[in-house]
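Structure file target08.pdb (PDB, N, CA and C atoms) is printed below.
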ATOM      1  N   MET A  15      -9.139  12.249  -6.597
ATOM      2  CA  MET A  15      -7.791  12.741  -6.396
ATOM      3  C   MET A  15      -6.817  11.594  -6.657
ATOM      4  N   ASN A  16      -5.876  11.816  -7.547
ATOM      5  CA  ASN A  16      -4.864  10.805  -7.850
ATOM      6  C   ASN A  16      -3.539  11.226  -7.238
ATOM      7  N   PRO A  17      -3.061  10.471  -6.257
ATOM      8  CA  PRO A  17      -1.787  10.840  -5.634
ATOM      9  C   PRO A  17      -0.626  10.683  -6.608
ATOM     10  N   ASP A  18       0.326  11.583  -6.503
ATOM     11  CA  ASP A  18       1.520  11.553  -7.326
ATOM     12  C   ASP A  18       2.574  10.715  -6.599
ATOM     13  N   ALA A  19       2.807   9.493  -7.086
ATOM     14  CA  ALA A  19       3.725   8.560  -6.411
ATOM     15  C   ALA A  19       5.134   9.129  -6.300
ATOM     16  N   SER A  20       5.605   9.830  -7.315
ATOM     17  CA  SER A  20       6.964  10.399  -7.265
ATOM     18  C   SER A  20       7.065  11.456  -6.173
ATOM     19  N   LEU A  21       6.041  12.288  -6.077
ATOM     20  CA  LEU A  21       6.042  13.332  -5.055
ATOM     21  C   LEU A  21       6.014  12.722  -3.661
ATOM     22  N   ILE A  22       5.160  11.736  -3.467
ATOM     23  CA  ILE A  22       5.071  11.080  -2.163
ATOM     24  C   ILE A  22       6.392  10.426  -1.796
ATOM     25  N   THR A  23       7.015   9.745  -2.732
ATOM     26  CA  THR A  23       8.314   9.114  -2.495
ATOM     27  C   THR A  23       9.362  10.161  -2.118
ATOM     28  N   ALA A  24       9.385  11.273  -2.840
ATOM     29  CA  ALA A  24      10.355  12.336  -2.559
ATOM     30  C   ALA A  24      10.151  12.900  -1.152
ATOM     31  N   LEU A  25       8.882  13.089  -0.771
ATOM     32  CA  LEU A  25       8.614  13.622   0.567
ATOM     33  C   LEU A  25       8.980  12.619   1.659
ATOM     34  N   VAL A  26       8.685  11.351   1.439
ATOM     35  CA  VAL A  26       9.031  10.320   2.425
ATOM     36  C   VAL A  26      10.540  10.275   2.632
ATOM     37  N   GLU A  27      11.289  10.390   1.548
ATOM     38  CA  GLU A  27      12.752  10.344   1.655
ATOM     39  C   GLU A  27      13.318  11.548   2.400
ATOM     40  N   ARG A  28      12.598  12.649   2.385
ATOM     41  CA  ARG A  28      13.096  13.869   3.010
ATOM     42  C   ARG A  28      12.522  14.133   4.410
ATOM     43  N   TRP A  29      11.628  13.262   4.882
ATOM     44  CA  TRP A  29      11.009  13.429   6.202
ATOM     45  C   TRP A  29      11.979  13.065   7.306
ATOM     46  N   ARG A  30      12.068  13.878   8.323
ATOM     47  CA  ARG A  30      12.905  13.621   9.486
ATOM     48  C   ARG A  30      12.007  13.528  10.713
ATOM     49  N   PRO A  31      11.677  12.296  11.173
ATOM     50  CA  PRO A  31      10.742  12.139  12.283
ATOM     51  C   PRO A  31      11.238  12.739  13.595
ATOM     52  N   GLU A  32      12.550  12.787  13.791
ATOM     53  CA  GLU A  32      13.056  13.330  15.051
ATOM     54  C   GLU A  32      12.755  14.826  15.205
ATOM     55  N   THR A  33      12.575  15.547  14.100
ATOM     56  CA  THR A  33      12.240  16.977  14.171
ATOM     57  C   THR A  33      10.872  17.284  13.565
ATOM     58  N   SER A  34      10.195  16.270  13.038
ATOM     59  CA  SER A  34       8.894  16.441  12.375
ATOM     60  C   SER A  34       8.952  17.504  11.282
ATOM     61  N   THR A  35      10.002  17.426  10.470
ATOM     62  CA  THR A  35      10.173  18.387   9.378
ATOM     63  C   THR A  35      10.607  17.659   8.109
ATOM     64  N   PHE A  36      10.409  18.347   6.992
ATOM     65  CA  PHE A  36      10.943  17.890   5.717
ATOM     66  C   PHE A  36      12.219  18.667   5.458
ATOM     67  N   HIS A  37      13.272  17.989   5.019
ATOM     68  CA  HIS A  37      14.530  18.638   4.677
ATOM     69  C   HIS A  37      14.613  18.732   3.168
ATOM     70  N   LEU A  38      14.478  19.947   2.656
ATOM     71  CA  LEU A  38      14.470  20.204   1.222
ATOM     72  C   LEU A  38      15.682  21.039   0.843
ATOM     73  N   PRO A  39      16.010  21.107  -0.446
ATOM     74  CA  PRO A  39      17.157  21.917  -0.863
ATOM     75  C   PRO A  39      17.053  23.384  -0.419
ATOM     76  N   CYS A  40      15.822  23.899  -0.285
ATOM     77  CA  CYS A  40      15.645  25.300   0.107
ATOM     78  C   CYS A  40      15.640  25.486   1.617
ATOM     79  N   GLY A  41      15.648  24.401   2.397
ATOM     80  CA  GLY A  41      15.642  24.492   3.852
ATOM     81  C   GLY A  41      14.658  23.517   4.467
ATOM     82  N   GLU A  42      14.373  23.702   5.751
ATOM     83  CA  GLU A  42      13.440  22.831   6.468
ATOM     84  C   GLU A  42      12.030  23.413   6.405
ATOM     85  N   ILE A  43      11.047  22.525   6.285
ATOM     86  CA  ILE A  43       9.651  22.946   6.394
ATOM     87  C   ILE A  43       8.917  21.949   7.273
ATOM     88  N   THR A  44       7.839  22.386   7.859
ATOM     89  CA  THR A  44       7.017  21.507   8.667
ATOM     90  C   THR A  44       5.566  21.675   8.254
ATOM     91  N   ILE A  45       4.743  20.712   8.581
ATOM     92  CA  ILE A  45       3.324  20.778   8.286
ATOM     93  C   ILE A  45       2.630  21.376   9.506
ATOM     94  N   THR A  46       1.883  22.434   9.296
ATOM     95  CA  THR A  46       1.182  23.096  10.392
ATOM     96  C   THR A  46      -0.277  22.646  10.447
ATOM     97  N   LEU A  47      -0.931  22.983  11.530
ATOM     98  CA  LEU A  47      -2.356  22.689  11.655
ATOM     99  C   LEU A  47      -3.137  23.403  10.557
ATOM    100  N   GLU A  48      -2.725  24.585  10.195
ATOM    101  CA  GLU A  48      -3.379  25.320   9.111
ATOM    102  C   GLU A  48      -3.264  24.559   7.785
ATOM    103  N   ASP A  49      -2.113  23.934   7.551
ATOM    104  CA  ASP A  49      -1.938  23.111   6.347
ATOM    105  C   ASP A  49      -2.923  21.939   6.341
ATOM    106  N   VAL A  50      -3.077  21.307   7.492
ATOM    107  CA  VAL A  50      -4.007  20.174   7.610
ATOM    108  C   VAL A  50      -5.430  20.634   7.328
ATOM    109  N   VAL A  51      -5.810  21.786   7.852
ATOM    110  CA  VAL A  51      -7.146  22.341   7.617
ATOM    111  C   VAL A  51      -7.355  22.587   6.129
ATOM    112  N   THR A  52      -6.375  23.199   5.484
ATOM    113  CA  THR A  52      -6.484  23.508   4.063
ATOM    114  C   THR A  52      -6.609  22.241   3.217
ATOM    115  N   LEU A  53      -5.825  21.236   3.536
ATOM    116  CA  LEU A  53      -5.828  20.004   2.747
ATOM    117  C   LEU A  53      -7.032  19.111   3.024
ATOM    118  N   SER A  54      -7.480  19.072   4.275
ATOM    119  CA  SER A  54      -8.550  18.137   4.640
ATOM    120  C   SER A  54      -9.932  18.774   4.691
ATOM    121  N   GLY A  55      -9.986  20.092   4.875
ATOM    122  CA  GLY A  55     -11.272  20.760   5.004
ATOM    123  C   GLY A  55     -11.900  20.607   6.373
ATOM    124  N   LEU A  56     -11.164  20.041   7.327
ATOM    125  CA  LEU A  56     -11.692  19.858   8.678
ATOM    126  C   LEU A  56     -11.659  21.166   9.464
ATOM    127  N   ALA A  57     -12.679  21.375  10.280
ATOM    128  CA  ALA A  57     -12.699  22.547  11.154
ATOM    129  C   ALA A  57     -11.793  22.296  12.359
ATOM    130  N   ILE A  58     -11.137  23.345  12.837
ATOM    131  CA  ILE A  58     -10.243  23.167  13.992
ATOM    132  C   ILE A  58     -10.690  23.974  15.189
ATOM    133  N   ASP A  59     -11.801  24.695  15.063
ATOM    134  CA  ASP A  59     -12.267  25.452  16.211
ATOM    135  C   ASP A  59     -13.297  24.642  16.984
ATOM    136  N   GLY A  60     -13.343  24.852  18.274
ATOM    137  CA  GLY A  60     -14.252  24.086  19.118
ATOM    138  C   GLY A  60     -13.499  23.005  19.875
ATOM    139  N   ASP A  61     -14.245  22.243  20.659
ATOM    140  CA  ASP A  61     -13.654  21.193  21.481
ATOM    141  C   ASP A  61     -13.305  19.964  20.641
ATOM    142  N   ALA A  62     -12.282  19.251  21.054
ATOM    143  CA  ALA A  62     -11.921  17.993  20.407
ATOM    144  C   ALA A  62     -12.997  16.960  20.697
ATOM    145  N   VAL A  63     -13.212  16.071  19.749
ATOM    146  CA  VAL A  63     -14.196  15.011  19.939
ATOM    147  C   VAL A  63     -13.450  13.761  20.369
ATOM    148  N   VAL A  64     -13.542  13.463  21.666
ATOM    149  CA  VAL A  64     -12.879  12.290  22.218
ATOM    150  C   VAL A  64     -13.893  11.573  23.090
ATOM    151  N   VAL A  65     -14.131  10.315  22.784
ATOM    152  CA  VAL A  65     -15.096   9.549  23.563
ATOM    153  C   VAL A  65     -14.533   8.170  23.866
ATOM    154  N   ASP A  66     -14.985   7.607  24.953
ATOM    155  CA  ASP A  66     -14.564   6.261  25.342
ATOM    156  C   ASP A  66     -15.741   5.326  25.083
ATOM    157  N   ILE A  67     -15.697   4.654  23.938
ATOM    158  CA  ILE A  67     -16.782   3.766  23.536
ATOM    159  C   ILE A  67     -16.201   2.381  23.287
ATOM    160  N   PRO A  68     -16.809   1.358  23.860
ATOM    161  CA  PRO A  68     -16.330  -0.004  23.590
ATOM    162  C   PRO A  68     -16.360  -0.306  22.086
ATOM    163  N   ASP A  69     -15.372  -1.052  21.619
ATOM    164  CA  ASP A  69     -15.248  -1.358  20.184
ATOM    165  C   ASP A  69     -16.523  -1.911  19.569
ATOM    166  N   GLU A  70     -17.206  -2.784  20.304
ATOM    167  CA  GLU A  70     -18.383  -3.433  19.731
ATOM    168  C   GLU A  70     -19.533  -2.460  19.487
ATOM    169  N   GLU A  71     -19.489  -1.272  20.092
ATOM    170  CA  GLU A  71     -20.562  -0.297  19.898
ATOM    171  C   GLU A  71     -20.320   0.632  18.711
ATOM    172  N   TRP A  72     -19.068   0.692  18.196
ATOM    173  CA  TRP A  72     -18.758   1.601  17.093
ATOM    174  C   TRP A  72     -19.598   1.322  15.858
ATOM    175  N   SER A  73     -19.762   0.073  15.495
ATOM    176  CA  SER A  73     -20.541  -0.246  14.300
ATOM    177  C   SER A  73     -21.968   0.247  14.429
ATOM    178  N   ALA A  74     -22.578   0.025  15.587
ATOM    179  CA  ALA A  74     -23.960   0.462  15.808
ATOM    180  C   ALA A  74     -24.061   1.988  15.756
ATOM    181  N   ILE A  75     -23.083   2.676  16.312
ATOM    182  CA  ILE A  75     -23.091   4.143  16.305
ATOM    183  C   ILE A  75     -22.947   4.663  14.880
ATOM    184  N   CYS A  76     -22.009   4.095  14.120
ATOM    185  CA  CYS A  76     -21.827   4.517  12.730
ATOM    186  C   CYS A  76     -23.094   4.275  11.919
ATOM    187  N   LEU A  77     -23.698   3.125  12.119
ATOM    188  CA  LEU A  77     -24.920   2.797  11.393
ATOM    189  C   LEU A  77     -26.034   3.789  11.732
ATOM    190  N   ARG A  78     -26.167   4.126  12.999
ATOM    191  CA  ARG A  78     -27.217   5.060  13.423
ATOM    192  C   ARG A  78     -26.964   6.475  12.902
ATOM    193  N   LEU A  79     -25.711   6.963  12.993
ATOM    194  CA  LEU A  79     -25.407   8.341  12.615
ATOM    195  C   LEU A  79     -25.148   8.531  11.126
ATOM    196  N   LEU A  80     -24.532   7.537  10.493
ATOM    197  CA  LEU A  80     -24.138   7.679   9.091
ATOM    198  C   LEU A  80     -24.984   6.853   8.127
ATOM    199  N   GLY A  81     -25.703   5.876   8.666
ATOM    200  CA  GLY A  81     -26.521   5.035   7.799
ATOM    201  C   GLY A  81     -25.763   3.888   7.184
ATOM    202  N   ARG A  82     -24.488   3.788   7.462
ATOM    203  CA  ARG A  82     -23.637   2.693   6.988
ATOM    204  C   ARG A  82     -22.395   2.595   7.862
ATOM    205  N   VAL A  83     -21.674   1.503   7.709
ATOM    206  CA  VAL A  83     -20.504   1.230   8.550
ATOM    207  C   VAL A  83     -19.269   1.111   7.659
ATOM    208  N   PRO A  84     -18.174   1.786   8.016
ATOM    209  CA  PRO A  84     -16.942   1.641   7.227
ATOM    210  C   PRO A  84     -16.508   0.182   7.157
ATOM    211  N   TYR A  85     -16.011  -0.238   6.006
ATOM    212  CA  TYR A  85     -15.604  -1.630   5.801
ATOM    213  C   TYR A  85     -14.469  -2.048   6.714
ATOM    214  N   ASP A  86     -13.615  -1.107   7.131
ATOM    215  CA  ASP A  86     -12.460  -1.469   7.965
ATOM    216  C   ASP A  86     -12.668  -1.138   9.437
ATOM    217  N   LEU A  87     -13.914  -0.975   9.847
ATOM    218  CA  LEU A  87     -14.213  -0.688  11.242
ATOM    219  C   LEU A  87     -14.409  -2.001  11.983
ATOM    220  N   VAL A  88     -13.284  -2.663  12.279
ATOM    221  CA  VAL A  88     -13.350  -3.979  12.914
ATOM    222  C   VAL A  88     -12.388  -4.012  14.081
ATOM    223  N   GLY A  89     -12.918  -3.980  15.294
ATOM    224  CA  GLY A  89     -12.082  -4.120  16.489
ATOM    225  C   GLY A  89     -10.894  -3.184  16.529
ATOM    226  N   GLY A  90     -10.021  -3.392  17.486
ATOM    227  CA  GLY A  90      -8.814  -2.586  17.602
ATOM    228  C   GLY A  90      -9.162  -1.118  17.789
ATOM    229  N   VAL A  91      -8.521  -0.275  17.028
ATOM    230  CA  VAL A  91      -8.774   1.160  17.094
ATOM    231  C   VAL A  91      -9.907   1.490  16.130
ATOM    232  N   ALA A  92     -10.978   2.028  16.651
ATOM    233  CA  ALA A  92     -12.128   2.379  15.821
ATOM    234  C   ALA A  92     -11.882   3.740  15.191
ATOM    235  N   VAL A  93     -11.735   3.769  13.883
ATOM    236  CA  VAL A  93     -11.431   4.991  13.152
ATOM    237  C   VAL A  93     -12.348   5.083  11.938
ATOM    238  N   VAL A  94     -12.918   6.258  11.734
ATOM    239  CA  VAL A  94     -13.665   6.517  10.511
ATOM    240  C   VAL A  94     -12.761   7.399   9.673
ATOM    241  N   ARG A  95     -12.277   6.872   8.580
ATOM    242  CA  ARG A  95     -11.297   7.580   7.757
ATOM    243  C   ARG A  95     -11.948   8.656   6.895
ATOM    244  N   ILE A  96     -11.251   9.789   6.753
ATOM    245  CA  ILE A  96     -11.726  10.898   5.936
ATOM    246  C   ILE A  96     -11.956  10.440   4.500
ATOM    247  N   VAL A  97     -11.060   9.620   3.979
ATOM    248  CA  VAL A  97     -11.189   9.130   2.605
ATOM    249  C   VAL A  97     -12.505   8.375   2.438
ATOM    250  N   TRP A  98     -12.835   7.534   3.412
ATOM    251  CA  TRP A  98     -14.087   6.780   3.341
ATOM    252  C   TRP A  98     -15.274   7.731   3.361
ATOM    253  N   LEU A  99     -15.246   8.717   4.256
ATOM    254  CA  LEU A  99     -16.333   9.692   4.328
ATOM    255  C   LEU A  99     -16.498  10.430   3.002
ATOM    256  N   ARG A 100     -15.384  10.838   2.405
ATOM    257  CA  ARG A 100     -15.433  11.567   1.140
ATOM    258  C   ARG A 100     -16.032  10.696   0.037
ATOM    259  N   VAL A 101     -15.595   9.445  -0.047
ATOM    260  CA  VAL A 101     -16.111   8.539  -1.082
ATOM    261  C   VAL A 101     -17.600   8.279  -0.881
ATOM    262  N   GLU A 102     -17.984   8.020   0.353
ATOM    263  CA  GLU A 102     -19.368   7.640   0.640
ATOM    264  C   GLU A 102     -20.351   8.805   0.591
ATOM    265  N   PHE A 103     -19.897  10.007   0.940
ATOM    266  CA  PHE A 103     -20.844  11.096   1.149
ATOM    267  C   PHE A 103     -20.581  12.349   0.324
ATOM    268  N   SER A 104     -19.713  12.297  -0.659
ATOM    269  CA  SER A 104     -19.407  13.517  -1.418
ATOM    270  C   SER A 104     -20.502  13.868  -2.422
ATOM    271  N   ASN A 105     -21.295  12.900  -2.839
ATOM    272  CA  ASN A 105     -22.370  13.176  -3.800
ATOM    273  C   ASN A 105     -23.724  12.989  -3.138
ATOM    274  N   LEU A 106     -24.428  14.100  -2.964
ATOM    275  CA  LEU A 106     -25.749  14.053  -2.356
ATOM    276  C   LEU A 106     -26.806  14.113  -3.449
ATOM    277  N   PRO A 107     -27.936  13.451  -3.222
ATOM    278  CA  PRO A 107     -29.024  13.579  -4.175
ATOM    279  C   PRO A 107     -29.524  15.035  -4.201
ATOM    280  N   GLU A 108     -30.060  15.474  -5.332
ATOM    281  CA  GLU A 108     -30.552  16.841  -5.462
ATOM    282  C   GLU A 108     -31.635  17.142  -4.425
ATOM    283  N   ASP A 109     -32.462  16.146  -4.100
ATOM    284  CA  ASP A 109     -33.581  16.360  -3.187
ATOM    285  C   ASP A 109     -33.252  15.937  -1.754
ATOM    286  N   ALA A 110     -31.965  15.968  -1.376
ATOM    287  CA  ALA A 110     -31.545  15.531  -0.034
ATOM    288  C   ALA A 110     -32.164  16.416   1.042
ATOM    289  N   SER A 111     -32.689  15.773   2.065
ATOM    290  CA  SER A 111     -33.273  16.506   3.186
ATOM    291  C   SER A 111     -32.160  17.105   4.039
ATOM    292  N   GLN A 112     -32.527  18.028   4.923
ATOM    293  CA  GLN A 112     -31.555  18.638   5.821
ATOM    294  C   GLN A 112     -30.916  17.578   6.708
ATOM    295  N   GLU A 113     -31.695  16.578   7.116
ATOM    296  CA  GLU A 113     -31.184  15.502   7.953
ATOM    297  C   GLU A 113     -30.107  14.699   7.208
ATOM    298  N   VAL A 114     -30.350  14.414   5.934
ATOM    299  CA  VAL A 114     -29.366  13.680   5.127
ATOM    300  C   VAL A 114     -28.102  14.501   4.963
ATOM    301  N   ILE A 115     -28.263  15.795   4.688
ATOM    302  CA  ILE A 115     -27.103  16.679   4.503
ATOM    303  C   ILE A 115     -26.317  16.737   5.801
TER
END
Can you give me the file's structure in the form of structure tokens?
Amino acid sequence: MNPDASLITALVERWRPETSTFHLPCGEITITLEDVVTLSGLAIDGDAVVVDIPDEEWSAICLRLLGRVPYDLVGGVAVVRIVWLRVEFSNLPEDASQEVI
């Protein structure tokens, strides 16, 4: 996916953080949870995944569950980025086991 720099710039210029909306010539619009689902492919049903894990354990957990550790998973806020997941796991081998999938 190649982001369109002009489009991103136009949206940034029209964003109003105080109302969480974009101000466009046709009116105001906002990003809904449904929009996020459509764009990211993330499921929104079920319980939120929130855990209290010490920073030093995140690398070990990622390694155990994913088989690798994100390059930017270093202290502070432990985040596994969707972009990283997509790059690392979008192409599966033809003979991938159910566990790998």
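The space separating atom CA of Phe103 of chain A from atom CA of Ser54 of chain A comes to 14.6 Å.
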Atomic distance atom CA of Val101 of chain A - atom CA of Pro84 of chain A, expressed in Å with one decimal: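 Spanning atom CA of Val101 of chain A to atom CA of Pro84 of chain A is a straight-line distance of 10.8 Å.
Here atom CA of Glu42 of chain A stands at a distance of 23.6 Å from atom N of Gly55 of chain A.
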Secondary structure check, strand (DSSP E) residues of chain A, as a list in words: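 DSSP on the backbone gives strand (DSSP E) at Trp29, Arg30, Thr35, Phe36, His37, Leu38, Gly41, Glu42 and Ile43 of chain A.
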Contact residues around segment 23-35 of chain A with only N, CA and C atoms at 7 Å, ignoring same-chain residues under 5 positions, as a list of chain:residue names: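 The residues that qualify are A:Asp18, A:Glu42, A:Ile43, A:Thr44, A:Ile45.
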Using 6 Å of padding on each side, determine the axis-aligned box around all atoms of segment 27-44 of chain A present in the file and give its centre and edge lengths in Å to one decimal, as JSON.
{"center_x": 11.4, "center_y": 17.9, "center_z": 7.2, "size_x": 23.6, "size_y": 27.1, "size_z": 28.1}
Every residue of chain A that DSSP places in alpha helix (DSSP H), as an MDAnalysis selection string: chainID A and resid 19:28 47:54 69:80 96:103
